[in-house]
Every structure is written in C-alpha cells, then in structure tokens.
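> Okay, handing you the structure first.
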Amino acid sequence: MGLMEMLIRRSNELTQKRIAVIGSGIAGISAAWYLRQEYHVTLFEKRSRLGGHTHTIVVQDSRSGATPVDTGFIVCNDRTYPYFHRFLEELSVPVRGADMSFGYYDESTGFSYGATSLQGLVPSLRHLFNRQYMGMWRALPKFNRNALRDLEEGHLKGLTLREYLKERKVPKSFIELFLVPMGAAIWSSGDDVLLDTPAETFLAFFKNHGLLTILDRPQWQTVVGGSHSYLKAFTSQFHGDIRLSTGVRSVRRTADGVLIASEQGEQQERFDAVVFACHADQILPMLLDASAQENALFSPWRYHSNATILHTDVSYLPPNKRTWASWNYRRECGERGSEPLSVTYHMNRLQGLDSAKEYCVTLNPRKEISTQEIIKELHYMHPMYTLDSVATQQEIYQHSGSNRTFYVGSYLGWGFHEDAIRSSYQTVTRLLGTSGQDYFRRAQAEAVSVFQESPNAF
C-alpha cells in the first residue's frame, strides 16, 4: 500500500461514522463486510480466531498432505443459500458439489441403513422383512403430503412437533427411524429438544430444503479448501479494525452514541451504533441499559452445548460399511430422549477427501474415543427453538435499529449460515438505506458463479 493510499484511508476513517460489531461468526463478518464502505467498522471477538462455527482444522495425511477438515459449518446448497453464495462471490471463494446422504444405526439391535444407494437402503434381505423399516417408507409419502397441506393451510400454529405428530397419528416407526434422527442431526439437538420445537418451524425448514419431496432436492456444496477459505479471503480484503481476544464487558447507549467497554480494560469507547452479532442469550448480560422490551425479547432464548470431536475412529460409523453415509445418526444402548444426540459426519464423503485415513466429526460421543484417534476436541453452542423463543423473532427484527442498536444472527431464522447472513443483509439495508440497496444490486451484477465442478463430487 502506497503512502498516498494510506493517507486517504486514514482521512476517510476520521470522517466516517464508527460502528461496533460484536461477534465474528458469519453474521458478524458479513455485517462488517457490508458496512465497510460507509462506516469505520470495529469487529470485537472474544476468542483468538474469527469465524464462530466456521472452524477448519488442517490435518497432515500421508496421502493428501495438509488436508483441511471442517468441524462446525460444513455445507450450503445452490437453492436456499442465495445470500451466502453472493457473499462468497464477492470474496471470490468457490464451492464444490457434496454428498448429503443420511444414515441410521441402532447400537442395541445392530439395525442400520444408509440413503446412499440401493445397497445402503437394503443392505440385507432382512430389511425387506422388517415391518418397522418397511412401514417407515410407506409412511413417508403420506407424511410429506399432510405436512405440505398443513403448512399451507396454517394448521400448525401453536403446536410443537410432538403435538403435531400425535394429532396426525404418525407411525412410531417413521418418527423413531427417520424423522427425529434426521431432524436431530440437522439441528444438533437431542430427541426431546427436537420434539419440543414448533412444528411450523420444523416443517417449514423441511419444505424449504426439499425434504418433503422425493425429487427436486437442492445440490449440496462445501467450500473449496475448507470453510476457512472464506475467512482468509475476508481477512485479507477487509480494512476495518479486527480485535481478537477482546470480549465486550458492557454496552450502554447515550443520546449521542454507544459506549462500549471491553473485558481488557475499564475505559469506555464511543461508537455511533452497535451491531450485536453474538448469540441471543449473550446480549442482555452486556447491555447495561436494556429496556423492558429488550428483556422480554431476549430472555426466552437458551442455547445447548454439543461436544464435537474430530477423529479417525471408524467404529463411530455403522459396522456395515454399505450403510456409511455423510451424516450418521447413532442410537446408543440405553439412550433416552432427553440425552444429547450422537451423530457422526463422514468428512471424506462430505468434502470429497482423497486421504489415507477416514476423518470423522462426532457430536456428543458416548463411548470413549482413543486419544490416539482424536485430532481436536471442540464445543459448539446451538439455539433452542421453543414456541416462546420463536415468537420473538419477528419483533426482534422490527425492534432492530432502535436506540442505535441492531441485532443479527442465525437464531433469527432456522439457525444456519444463510439465516445469519440474511439477517445481516436486512440490517445493513436498513442502516444504509438507498446506498445499501445500490450496493447489493451492484454486487449482484458484478458477481460470478462460485460453483466449481469437482471430479471428487459424489
């Protein structure tokens, strides 16, 4: 960078309004990216790295060498992730096709299936004579038809998924062998937590992602080089102020600004506005002057923790290799619905890894994994969707912008990357007005396709 460019940039920083973004997951970095041309952005992150749930671990493999393996955010698709795709296009980060098959394994009975091929669906002749299993597939078309009709006619208002399934007399085999395992794997939640999810939220997601139809499903994708590729691109192209290992202790609004104190010191720093891009349950502890409305909006939100292990222990995949899938739900001996789920992502299938070892990411393993097989131990927090918390989503969006305070995050949708970045888009267009709309039109016109045909795509 030349001296003149540095002077011009410094001059712009002094004249621009200052905005603080708290949290550097996809909601925070996308908001910071979109605001960078109109504001001097300061991005606060309490951890020593950017990304939140975007966390790629580079492992050394004897065949593939330095191999990036994703552990949190893994997949997107070509249909229901338009804002995330646009963001990747701006950063010039490509994606590739991915296999998104689902598998089920019951440890106590040894029963398993994998929706990967006919051999995976019927790995033995016994499956054809298993009444529960065949009943599950017979129930699927009827469930899909009823769910689509009930969604369209508004019959799901005020019902939990548990209540809806009971009302519709959905067969137990379909619930236990397919619906709950699939949903629990998607939302990283235990069976009971999932069944307490609002039925409308659950089934709207299934409809939106093509899961209530047999055909016409989206093409799933992973980020080429691992999801950290977009973090690297953001870091190299963003010229705001990134403060890692800097948690926010307090936020207080005044007549002419927002005062923020970090956990590193007592001194308060003034900003013109603040964007909360953290988890919903972290907002009130920081907000010193929360209004009664803000307390009512954010107090219903709770999060649950999932232990996440990156490892090479293939015993966490089903014993029958024919039923190995990308997402492998495991029902363990003695498991009760209140316990957190156990699901293993087979990363070789998901990311198309041509490696010597099989890499797995397991959530909430019950049995011990050998320390020699463990590569990384992590914890991720996920929002819990209840009738009370979901009821606040629209009002949070409407309240966003009041008193120089904005809210973005995946919790404002279904809890995924696209929901987070959509909330950032909506917030930024509100903040920037006409210039924000012009920016997005211009960005869309200049964007190029990020899809990369890959010889390794399944």
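Every chain in the structure tokens takes a letter, A first, then B, and so on in the order presented; its residues are numbered from 1, and the ligands are numbered from 1 following the presented order.
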What lies within 8 Å of stretch 385-388 of chain A using only C-alpha atoms, ignoring chain neighbours under 6 positions off, as a list in words?
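Within the cut-off, the hits are Gly158, Thr160, Asp196, Thr197, Pro198, Pro300 and Trp301 of chain A.
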> Residues within 8 Å of A:Asn328, please, as a list in words. Count only C-alpha atoms; anything in the same chain fewer than 6 positions from it doesn't count.
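After dropping sequence-adjacent residues, the list is Phe102, Gly103, Tyr104, Tyr105, Leu317, Pro318, Val343, Thr344, Tyr345 and His346 of chain A.
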> Keeping N, CA and C atoms for every residue in the selection just given, could you write it to a file as a PDB file, in the first residue's frame?

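File written: again.pdb
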```
ATOM      1  N   PHE A 102     -27.917 -39.515   4.329  1.00  0.00           N
ATOM      2  CA  PHE A 102     -28.226 -39.705   5.748  1.00  0.00           C
ATOM      3  C   PHE A 102     -28.246 -41.193   6.076  1.00  0.00           C
ATOM      4  N   GLY A 103     -27.695 -41.540   7.237  1.00  0.00           N
ATOM      5  CA  GLY A 103     -27.702 -42.925   7.683  1.00  0.00           C
ATOM      6  C   GLY A 103     -28.137 -43.052   9.131  1.00  0.00           C
ATOM      7  N   TYR A 104     -28.615 -44.232   9.488  1.00  0.00           N
ATOM      8  CA  TYR A 104     -29.131 -44.507  10.832  1.00  0.00           C
ATOM      9  C   TYR A 104     -28.538 -45.825  11.326  1.00  0.00           C
ATOM     10  N   TYR A 105     -28.174 -45.843  12.610  1.00  0.00           N
ATOM     11  CA  TYR A 105     -27.658 -47.079  13.212  1.00  0.00           C
ATOM     12  C   TYR A 105     -28.155 -47.182  14.646  1.00  0.00           C
ATOM     13  N   LEU A 317     -18.758 -45.044  12.889  1.00  0.00           N
ATOM     14  CA  LEU A 317     -19.608 -45.246  11.726  1.00  0.00           C
ATOM     15  C   LEU A 317     -20.284 -46.608  11.870  1.00  0.00           C
ATOM     16  N   PRO A 318     -21.400 -46.867  11.171  1.00  0.00           N
ATOM     17  CA  PRO A 318     -22.074 -48.162  11.302  1.00  0.00           C
ATOM     18  C   PRO A 318     -21.141 -49.327  10.969  1.00  0.00           C
ATOM     19  N   VAL A 343     -24.195 -38.015  16.578  1.00  0.00           N
ATOM     20  CA  VAL A 343     -24.181 -38.095  15.115  1.00  0.00           C
ATOM     21  C   VAL A 343     -22.741 -37.946  14.653  1.00  0.00           C
ATOM     22  N   THR A 344     -22.378 -38.708  13.626  1.00  0.00           N
ATOM     23  CA  THR A 344     -21.023 -38.652  13.085  1.00  0.00           C
ATOM     24  C   THR A 344     -21.071 -38.241  11.621  1.00  0.00           C
ATOM     25  N   TYR A 345     -20.347 -37.184  11.304  1.00  0.00           N
ATOM     26  CA  TYR A 345     -20.218 -36.745   9.918  1.00  0.00           C
ATOM     27  C   TYR A 345     -18.993 -37.429   9.310  1.00  0.00           C
ATOM     28  N   HIS A 346     -19.189 -38.107   8.197  1.00  0.00           N
ATOM     29  CA  HIS A 346     -18.077 -38.757   7.495  1.00  0.00           C
ATOM     30  C   HIS A 346     -17.499 -37.731   6.525  1.00  0.00           C
TER      31      HIS A 346
END
```
> Going by DSSP on the backbone, which residues of stretch 147-277 of chain A come out as strand (DSSP E or B)? List them as a VMD selection string.
chain A and resid 160 198 220 to 223 241 to 243 248 to 254 257 to 262 268 to 271 273 to 276
> Mind pulling up the distance from atom CA of A:Gly352 to atom CA of A:Val223?
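Here the two named atoms are 11.0 Å from each other.
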> Closest to A:Tyr380 among A:Ser305, A:Ser250, A:Ser229, A:Ser92, using only C-alpha atoms?
A:Ser305
> List as a tab-separated table every residue of stretch 30-72 of chain A that is in contact with stretch 258-266 of chain A, defined as an atom at most 12 Å from one of its atoms (using only C-alpha atoms), together with the nearest atom pair and the distance in Å rounded to one decimal, sorted by chain and then rising number.

```
residue	atom	partner	partner_atom	distance
A:Thr42	CA	A:Ile260	CA	11.2
A:Leu43	CA	A:Ser262	CA	11.9
A:Phe44	CA	A:Ser262	CA	8.8
A:Glu45	CA	A:Ser262	CA	10.2
A:Lys46	CA	A:Glu263	CA	8.8
A:Arg47	CA	A:Glu263	CA	11.9
```
> At a cut-off of 12 Å, using only C-alpha atoms, what residues contact A:Glu368? Leave out same-chain residues fewer than 2 positions from it and give the result as a VMD selection string.
chain A and resid 309 311 313 315 to 316 362 364 to 366 370 to 374
> Got time to write the residues from that selection, N, CA and C atoms, as a CSV table (one decimal), in the first residue's frame?

```csv
chain,number,residue,atom,x,y,z
A,309,ILE,N,-16.0,-33.8,18.3
A,309,ILE,CA,-14.7,-34.4,18.3
A,309,ILE,C,-14.3,-34.7,16.8
A,311,HIS,N,-11.9,-36.9,14.6
A,311,HIS,CA,-11.1,-38.1,15.0
A,311,HIS,C,-11.1,-39.0,13.7
A,313,ASP,N,-11.6,-42.6,14.3
A,313,ASP,CA,-12.1,-43.8,14.8
A,313,ASP,C,-13.3,-44.2,14.0
A,315,SER,N,-15.1,-46.8,14.1
A,315,SER,CA,-16.1,-47.6,14.9
A,315,SER,C,-17.3,-46.7,15.2
A,316,TYR,N,-17.2,-45.4,15.0
A,316,TYR,CA,-18.3,-44.5,15.2
A,316,TYR,C,-19.2,-44.4,14.0
A,362,THR,N,-17.7,-36.2,15.2
A,362,THR,CA,-18.7,-36.8,16.1
A,362,THR,C,-19.2,-35.8,17.1
A,364,ASN,N,-21.2,-35.3,20.5
A,364,ASN,CA,-21.6,-36.0,21.8
A,364,ASN,C,-21.3,-37.5,21.8
A,365,PRO,N,-20.1,-37.9,21.6
A,365,PRO,CA,-19.8,-39.3,21.7
A,365,PRO,C,-20.0,-39.9,23.1
A,366,ARG,N,-20.7,-41.0,23.2
A,366,ARG,CA,-21.0,-41.6,24.5
A,366,ARG,C,-19.8,-42.5,24.9
A,370,SER,N,-10.3,-43.4,21.5
A,370,SER,CA,-8.9,-43.4,21.9
A,370,SER,C,-8.2,-42.1,21.6
A,371,THR,N,-7.4,-41.7,22.6
A,371,THR,CA,-6.7,-40.4,22.4
A,371,THR,C,-5.8,-40.4,21.2
A,372,GLN,N,-5.4,-41.6,20.8
A,372,GLN,CA,-4.5,-41.7,19.6
A,372,GLN,C,-5.3,-41.4,18.3
A,373,GLU,N,-6.7,-41.5,18.4
A,373,GLU,CA,-7.5,-41.3,17.2
A,373,GLU,C,-8.0,-39.8,17.2
A,374,ILE,N,-8.0,-39.2,18.4
A,374,ILE,CA,-8.6,-37.8,18.5
A,374,ILE,C,-7.6,-36.8,17.9
```
> So which one's closest to A:Glu418, A:Ser189, A:Ser227, A:Gln60, A:Asn77? Using only C-alpha atoms, please.
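Nearest candidate to A:Glu418 out of A:Ser189, A:Ser227, A:Gln60, A:Asn77: A:Asn77.
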> Quick check, in Å to one decimal: how far apart do atom CA of A:Lys166 and atom CA of A:Ser101 lie?
27.7 Å
> DSSP says alpha helix (DSSP H) for which residues of stretch 334-369 of chain A? Put them as a ChimeraX atom specification?
/A:347-351
> Using N, CA and C atoms, can you export the residues from the last selection as a PDB file, in the first residue's frame?

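Here's the written file again-v3.pdb:
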```pdb
ATOM      1  N   MET A 347     -16.418 -37.090   6.935  1.00  0.00           N
ATOM      2  CA  MET A 347     -15.905 -35.936   6.209  1.00  0.00           C
ATOM      3  C   MET A 347     -15.307 -36.303   4.855  1.00  0.00           C
ATOM      4  N   ASN A 348     -14.843 -37.532   4.683  1.00  0.00           N
ATOM      5  CA  ASN A 348     -14.327 -37.943   3.378  1.00  0.00           C
ATOM      6  C   ASN A 348     -15.419 -37.874   2.319  1.00  0.00           C
ATOM      7  N   ARG A 349     -16.630 -38.290   2.691  1.00  0.00           N
ATOM      8  CA  ARG A 349     -17.761 -38.201   1.759  1.00  0.00           C
ATOM      9  C   ARG A 349     -18.202 -36.754   1.584  1.00  0.00           C
ATOM     10  N   LEU A 350     -18.339 -36.038   2.689  1.00  0.00           N
ATOM     11  CA  LEU A 350     -18.863 -34.674   2.628  1.00  0.00           C
ATOM     12  C   LEU A 350     -17.951 -33.737   1.844  1.00  0.00           C
ATOM     13  N   GLN A 351     -16.664 -33.800   2.099  1.00  0.00           N
ATOM     14  CA  GLN A 351     -15.725 -32.872   1.474  1.00  0.00           C
ATOM     15  C   GLN A 351     -14.958 -33.478   0.302  1.00  0.00           C
TER      16      GLN A 351
END
```
> Please determine, counting only C-alpha atoms, which residue among A:Thr80, A:Gln221, A:Gln37, A:Asn320 has the shortest atom-to-atom distance to A:Phe206.
A:Thr80
> Can you work out which one of A:Ala199, A:Val251, A:Ala307, A:Cys360 has the shortest atom-to-atom distance to A:Ile22, counting only C-alpha atoms?
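The shortest atom-to-atom distance to A:Ile22 comes from A:Val251.
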> Show me, as a PyMOL selection string, the residues that have an atom within 12 Å of A:Gln398 when counting only C-alpha atoms, minus same-chain residues fewer than 6 positions from it.
chain A and resi 293-294+297+392+405-408+412+423+426-427+430
> With C-alpha atoms retained, could you export that selection as a CSV table (one decimal), in the first residue's frame?

```
chain,number,residue,atom,x,y,z
A,293,GLN,CA,-38.9,-4.7,25.6
A,294,GLU,CA,-35.4,-5.9,25.1
A,297,LEU,CA,-37.3,-10.3,23.6
A,392,THR,CA,-39.8,-13.1,19.4
A,405,THR,CA,-28.7,-0.9,18.3
A,406,PHE,CA,-29.0,-3.6,15.7
A,407,TYR,CA,-29.3,-7.4,16.0
A,408,VAL,CA,-28.1,-10.1,13.6
A,412,LEU,CA,-33.5,-15.1,13.7
A,423,SER,CA,-30.3,-11.0,8.9
A,426,GLN,CA,-31.7,-6.9,6.2
A,427,THR,CA,-29.9,-4.9,8.9
A,430,ARG,CA,-32.0,-0.6,6.9
```
